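Novice: mmCIF, C-alpha atoms, file target_22.cif:
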```cif
data_coords
loop_
_atom_site.label_atom_id
_atom_site.label_comp_id
_atom_site.auth_asym_id
_atom_site.auth_seq_id
_atom_site.Cartn_x
_atom_site.Cartn_y
_atom_site.Cartn_z
CA GLU A 527 -159.57 126.52 -21.98
CA HIS A 528 -160.00 125.74 -18.24
CA LEU A 529 -160.52 121.99 -18.81
CA GLY A 530 -161.55 120.06 -15.74
CA PHE A 531 -162.44 116.39 -15.39
CA SER A 532 -163.18 113.79 -12.73
CA TYR A 533 -164.18 110.19 -13.35
CA PRO A 534 -167.69 109.33 -12.06
CA GLY A 535 -167.68 107.84 -8.56
CA ARG A 536 -164.17 109.12 -7.76
CA GLU A 537 -163.41 112.12 -5.61
CA GLU A 538 -160.04 112.97 -7.16
CA THR A 539 -159.90 115.59 -9.88
CA VAL A 540 -157.94 114.21 -12.83
CA LEU A 541 -157.63 117.52 -14.72
CA LYS A 542 -157.71 120.99 -13.16
CA GLU A 543 -157.95 124.23 -15.11
CA VAL A 544 -155.91 122.99 -18.09
CA SER A 545 -155.40 125.84 -20.57
CA PHE A 546 -153.03 126.18 -23.52
CA ARG A 547 -153.14 127.07 -27.21
CA VAL A 548 -151.82 125.02 -30.14
CA PRO A 549 -151.11 126.89 -33.41
CA LYS A 550 -152.09 125.14 -36.63
CA GLY A 551 -149.20 123.06 -37.99
CA ALA A 552 -147.34 122.93 -34.66
CA PHE A 553 -145.65 119.83 -33.26
CA VAL A 554 -146.48 119.71 -29.55
CA GLY A 555 -145.06 117.26 -27.02
CA ILE A 556 -147.24 116.07 -24.14
CA VAL A 557 -145.07 114.96 -21.20
CA GLY A 558 -145.42 114.09 -17.53
CA PRO A 559 -145.38 111.11 -15.17
CA SER A 560 -147.88 108.26 -15.22
CA GLY A 561 -151.17 109.28 -13.64
CA ALA A 562 -150.62 112.97 -14.38
CA GLY A 563 -153.67 113.23 -16.66
CA LYS A 564 -152.07 112.96 -20.12
CA THR A 565 -154.20 110.03 -21.32
CA THR A 566 -157.40 111.56 -19.93
CA PHE A 567 -156.58 114.80 -21.75
CA VAL A 568 -156.06 112.92 -25.04
CA ASP A 569 -159.35 111.01 -24.53
CA ILE A 570 -161.11 114.38 -24.14
CA LEU A 571 -159.33 115.74 -27.22
CA LEU A 572 -160.46 112.66 -29.19
CA GLY A 573 -164.05 113.25 -28.06
CA LEU A 574 -164.17 109.98 -26.11
CA LEU A 575 -164.75 111.82 -22.82
CA ARG A 576 -166.63 115.04 -22.23
CA PRO A 577 -165.01 117.51 -19.83
CA ASP A 578 -166.80 118.41 -16.60
CA LYS A 579 -165.85 122.03 -17.11
CA GLY A 580 -164.07 124.14 -19.69
CA HIS A 581 -163.92 123.79 -23.46
CA ILE A 582 -161.74 122.74 -26.39
CA PHE A 583 -162.10 125.31 -29.14
CA VAL A 584 -160.96 124.78 -32.73
CA ASP A 585 -160.96 128.04 -34.70
CA GLY A 586 -163.22 129.46 -32.00
CA VAL A 587 -165.80 126.65 -32.17
CA ASP A 588 -166.37 124.23 -29.28
CA ILE A 589 -165.68 120.69 -30.59
CA TRP A 590 -168.85 119.46 -28.85
CA GLN A 591 -171.01 121.63 -31.10
CA ASP A 592 -170.35 118.95 -33.73
CA ILE A 593 -168.14 116.24 -32.25
CA ARG A 594 -168.39 113.99 -35.34
CA ALA A 595 -167.09 116.78 -37.59
CA TRP A 596 -164.14 117.29 -35.21
CA GLN A 597 -163.41 113.55 -35.05
CA ALA A 598 -163.37 113.43 -38.87
CA ASN A 599 -160.41 115.85 -38.76
CA ILE A 600 -158.23 113.86 -36.36
CA ALA A 601 -156.26 110.62 -36.58
CA TYR A 602 -154.80 108.61 -33.71
CA VAL A 603 -151.72 106.38 -33.58
CA PRO A 604 -151.60 104.25 -30.40
CA GLN A 605 -148.65 102.43 -28.83
CA THR A 606 -149.88 99.06 -30.13
CA ILE A 607 -151.11 98.95 -33.72
CA TYR A 608 -154.02 96.58 -34.37
CA LEU A 609 -153.53 94.67 -37.63
CA ILE A 610 -155.97 92.32 -39.30
CA ASP A 611 -154.74 89.15 -41.01
CA GLY A 612 -155.05 90.75 -44.42
CA THR A 613 -153.07 92.70 -46.98
CA ILE A 614 -151.06 95.87 -46.41
CA ARG A 615 -153.61 97.88 -48.41
CA GLU A 616 -156.50 96.48 -46.31
CA ASN A 617 -154.68 97.36 -43.10
CA ILE A 618 -153.96 100.92 -44.21
CA ALA A 619 -157.52 101.55 -45.39
CA LEU A 620 -158.96 99.66 -42.41
CA GLY A 621 -162.75 99.68 -42.29
CA MET A 622 -163.23 100.48 -45.97
CA LYS A 623 -164.78 98.13 -48.50
CA ILE A 624 -162.02 96.52 -50.55
CA GLU A 625 -163.45 97.90 -53.80
CA ASP A 626 -163.43 101.45 -52.36
CA ILE A 627 -159.73 101.49 -51.42
CA ASP A 628 -157.75 104.13 -53.31
CA ASP A 629 -154.48 102.36 -54.21
CA ASP A 630 -152.76 105.58 -55.32
CA LYS A 631 -153.55 107.07 -51.93
CA VAL A 632 -152.26 103.92 -50.20
CA ARG A 633 -148.96 104.29 -52.07
CA ARG A 634 -148.79 108.00 -51.26
CA VAL A 635 -149.20 107.48 -47.50
CA LEU A 636 -146.71 104.59 -47.60
CA LYS A 637 -144.18 107.07 -48.99
CA MET A 638 -145.07 109.57 -46.26
CA ALA A 639 -144.61 106.85 -43.62
CA GLU A 640 -141.34 105.82 -45.34
CA LEU A 641 -142.51 102.24 -45.84
CA TYR A 642 -142.97 102.41 -49.62
CA ASP A 643 -139.64 100.86 -50.65
CA PHE A 644 -140.11 97.92 -48.28
CA VAL A 645 -143.65 97.25 -49.53
CA MET A 646 -142.73 97.57 -53.20
CA ALA A 647 -139.89 95.08 -52.68
CA GLN A 648 -142.51 92.44 -51.81
CA PRO A 649 -143.65 90.31 -54.79
CA GLU A 650 -147.29 91.23 -54.08
CA GLY A 651 -146.57 94.91 -53.31
CA ILE A 652 -149.46 96.52 -51.41
CA GLY A 653 -151.30 93.20 -51.78
CA ALA A 654 -148.74 91.46 -49.54
CA MET A 655 -150.21 89.73 -46.49
CA VAL A 656 -149.08 90.98 -43.08
CA GLY A 657 -149.79 87.68 -41.31
CA GLU A 658 -151.74 87.18 -38.10
CA ARG A 659 -151.25 90.26 -35.86
CA GLY A 660 -148.61 91.47 -38.34
CA VAL A 661 -146.26 88.57 -37.68
CA ARG A 662 -144.46 89.17 -41.00
CA LEU A 663 -143.58 92.75 -40.04
CA SER A 664 -141.07 94.16 -37.57
CA GLY A 665 -142.26 96.37 -34.70
CA GLY A 666 -141.10 99.47 -36.56
CA GLN A 667 -142.89 98.40 -39.74
CA ARG A 668 -146.11 97.83 -37.80
CA GLN A 669 -145.88 101.34 -36.35
CA ARG A 670 -145.31 102.75 -39.85
CA ILE A 671 -148.45 100.94 -41.02
CA GLY A 672 -150.24 102.68 -38.13
CA ILE A 673 -148.89 106.06 -39.25
CA ALA A 674 -149.84 105.36 -42.90
CA ARG A 675 -153.34 104.32 -41.74
CA ALA A 676 -153.70 107.60 -39.84
CA LEU A 677 -152.48 109.62 -42.84
CA TYR A 678 -154.88 107.78 -45.18
CA GLN A 679 -157.67 109.60 -43.32
CA GLU A 680 -156.12 112.92 -44.44
CA PRO A 681 -156.30 114.38 -40.93
CA GLU A 682 -155.75 117.99 -39.91
CA VAL A 683 -154.56 116.80 -36.49
CA LEU A 684 -152.41 113.73 -35.73
CA ILE A 685 -152.31 112.41 -32.16
CA LEU A 686 -149.49 110.02 -31.25
CA ASP A 687 -150.00 108.19 -27.96
CA GLU A 688 -146.64 106.68 -26.92
CA ALA A 689 -146.53 105.55 -30.56
CA THR A 690 -142.84 104.65 -30.51
CA SER A 691 -142.18 103.86 -26.83
CA SER A 692 -142.04 100.07 -27.26
CA LEU A 693 -139.46 100.23 -30.06
CA ALA A 694 -135.69 100.03 -29.95
CA SER A 695 -134.01 103.43 -29.73
CA ALA A 696 -132.67 103.43 -33.31
CA THR A 697 -136.09 102.44 -34.73
CA GLU A 698 -137.82 105.09 -32.63
CA GLU A 699 -135.36 107.71 -33.87
CA SER A 700 -136.05 106.70 -37.48
CA ILE A 701 -139.83 106.93 -37.05
CA THR A 702 -139.53 110.24 -35.17
CA HIS A 703 -137.55 111.55 -38.17
CA THR A 704 -140.44 110.45 -40.42
CA ILE A 705 -143.00 112.22 -38.24
CA LEU A 706 -140.93 115.41 -38.24
CA LYS A 707 -141.29 115.58 -42.02
CA LEU A 708 -145.04 116.10 -41.47
CA LYS A 709 -144.39 119.09 -39.20
CA GLY A 710 -146.04 122.22 -40.56
CA GLU A 711 -148.43 120.26 -42.81
CA ILE A 712 -150.36 118.60 -40.00
CA THR A 713 -150.84 119.67 -36.39
CA ILE A 714 -149.16 116.97 -34.27
CA LEU A 715 -149.63 116.21 -30.58
CA SER A 716 -147.33 113.50 -29.28
CA ILE A 717 -147.35 111.86 -25.85
CA ALA A 718 -143.88 110.51 -25.20
CA HIS A 719 -141.68 109.49 -22.27
CA ARG A 720 -138.31 109.68 -24.00
CA VAL A 721 -137.08 113.24 -24.25
CA SER A 722 -135.27 112.41 -27.51
CA THR A 723 -138.60 111.74 -29.25
CA LEU A 724 -139.67 115.34 -28.66
CA ALA A 725 -136.29 117.04 -29.17
CA GLU A 726 -137.53 118.98 -32.21
CA CYS A 727 -141.09 119.75 -31.16
CA ASP A 728 -142.19 123.40 -31.11
CA PHE A 729 -143.01 123.29 -27.41
CA LYS A 730 -143.97 120.85 -24.68
CA VAL A 731 -146.93 120.77 -22.30
CA ARG A 732 -146.03 119.10 -19.01
CA PHE A 733 -148.86 117.50 -17.05
CA ALA A 734 -148.39 117.05 -13.30
CA ALA A 735 -151.12 116.23 -10.76
CA GLY A 736 -153.82 117.19 -13.26
CA GLU A 737 -152.38 120.59 -14.10
CA ALA A 738 -150.55 121.60 -17.27
CA GLU A 739 -147.77 124.09 -17.95
CA LEU A 740 -145.76 124.99 -21.05
CA VAL A 741 -142.09 124.00 -20.89
#
```
Take the structure I supplied and represent it as structure tokens, if you would.
Specialist:
Amino acid sequence: EHLGFSYPGREETVLKEVSFRVPKGAFVGIVGPSGAGKTTFVDILLGLLRPDKGHIFVDGVDIWQDIRAWQANIAYVPQTIYLIDGTIRENIALGMKIEDIDDDKVRRVLKMAELYDFVMAQPEGIGAMVGERGVRLSGGQRQRIGIARALYQEPEVLILDEATSSLASATEESITHTILKLKGEITILSIAHRVSTLAECDFKVRFAAGEAELV
């Protein structure tokens, strides 16, 4: 409600009076030209930036009342997935101690990200190495690892930041189809340039010159 933001030391207002409501389980597209404020909005939603004015309410509670609790409910899939030179299971449960990784959960999120058959076809299964920076995986497979990693966190909200924009059109379409299967179970906000990526979203929010409107 009424979000406003300016970066310190700059006169320009990046976001002005941004207000809209997202129902639980909705798939919402975030669109607009470069420099329109989309990334700043997502950074505020992630709790990385604090708005100068206005609020983000979740079930009537301002996220800044307990920002860590809010962040525990969200997962983020960026355009470029960071992979360590380790196994598939280590990359999906990134940051966890190896002995604490839940392999059944790894397999479950691989199925949700539609990467399970590929992984199980490897001799080492989820213990297969991805290679340095994921050299043994295609671009689409790396993005699916990123989606599986996000789902491993069991988020209520999934934020996709140009998550498929660097992929070939057919691969992007396939991954978009995968994401659509999550619609209704998880609230999804997706920044995307290609209109096709958001063809089946519930509604779009267009950012332009720091303002937002439903389209």
Novice: Please provide as a list of chain:residue names all residues within 12 Å of Glu658 in chain A, with the sequence filter that same-chain residues fewer than 4 positions apart are discarded (counting all atoms listed in the file).
Specialist: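 Near Glu658 in chain A, the qualifying residues are A:Tyr608, A:Leu609, A:Ile610, A:Asp611, A:Gly612, A:Thr613, A:Asn617, A:Arg662, A:Leu663.
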Novice: Can you write out the residues you just picked, keeping C-alpha atoms, as a PDB file, keeping the file's coordinate frame?
Specialist:
```pdb
ATOM      1  CA  TYR A 608    -154.020  96.580 -34.370  1.00  0.00           C
ATOM      2  CA  LEU A 609    -153.530  94.670 -37.630  1.00  0.00           C
ATOM      3  CA  ILE A 610    -155.970  92.320 -39.300  1.00  0.00           C
ATOM      4  CA  ASP A 611    -154.740  89.150 -41.010  1.00  0.00           C
ATOM      5  CA  GLY A 612    -155.050  90.750 -44.420  1.00  0.00           C
ATOM      6  CA  THR A 613    -153.070  92.700 -46.980  1.00  0.00           C
ATOM      7  CA  ASN A 617    -154.680  97.360 -43.100  1.00  0.00           C
ATOM      8  CA  ARG A 662    -144.460  89.170 -41.000  1.00  0.00           C
ATOM      9  CA  LEU A 663    -143.580  92.750 -40.040  1.00  0.00           C
TER      10      LEU A 663
END
```
Novice: Please compute the CA of Val656 in chain A-CA of Tyr602 in chain A distance, one decimal, in Å.
Specialist: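 Calculated distance between CA of Val656 in chain A and CA of Tyr602 in chain A is 20.8 Å.
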Novice: In file coordinates, which residues lie within 9 Å of (-145.9, 101.2, -47.3) using all atoms listed in the file, given as a ChimeraX atom specification?
Specialist: /A:614-615,618,632-646,651-652,667,670-671,674
Novice: Care to translate the PyMOL selection byres ((chain A and resi 719) around 10) into actual residues of this file, as a VMD selection string?
Specialist: chain A and resid 555 to 560 688 690 to 691 716 to 718 720 to 724
Novice: Using only C-alpha atoms, which of A:Ser700, A:Ser545, A:Gln597, A:Ser664 sits nearest Leu572 in chain A?
Specialist: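 Among the listed residues, A:Gln597 lies closest to Leu572 in chain A.
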Novice: Run the PyMOL selection byres ((chain A and resi 562) around 12) mentally over the shown coordinates, then write out the matched residues as a VMD selection string, using the chain letters and numbers from the document.
Specialist: chain A and resid 538 to 542 544 556 to 561 563 to 568 717 731 to 738
Novice: Taking the file as I've supplied it (selection: the PyMOL selection byres ((chain A and resi 575-589) around 12)), which residues are included? Please answer as a VMD selection string.
Specialist: chain A and resid 527 to 534 539 to 550 565 to 574 590 to 600 682 to 683 713
Novice: Rounded to one decimal in Å, what is the spacing between CA of Gly666 in chain A and CA of His703 in chain A?
Specialist: 12.7 Å
Novice: Please indicate the distance in Å from CA of Ile701 in chain A to CA of Arg668 in chain A, rounded to one decimal place.
Specialist: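 So the answer is 11.1 Å.
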Novice: I'd like the neighbourhood of Leu677 in chain A as JSON, numbers by chain, where a residue qualifies if any of its atoms comes within 8 Å (using only C-alpha atoms), though same-chain residues fewer than 4 positions away should be ignored.
Specialist: {"A": [601, 635, 673, 681]}
Novice: Smallest atom-to-atom distance to Ala676 in chain A: which of A:Leu740, A:Ile705, A:Ala552, A:Met655, using all atoms listed in the file?
Specialist: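 For Ala676 in chain A, the nearest of the candidates is A:Ile705.
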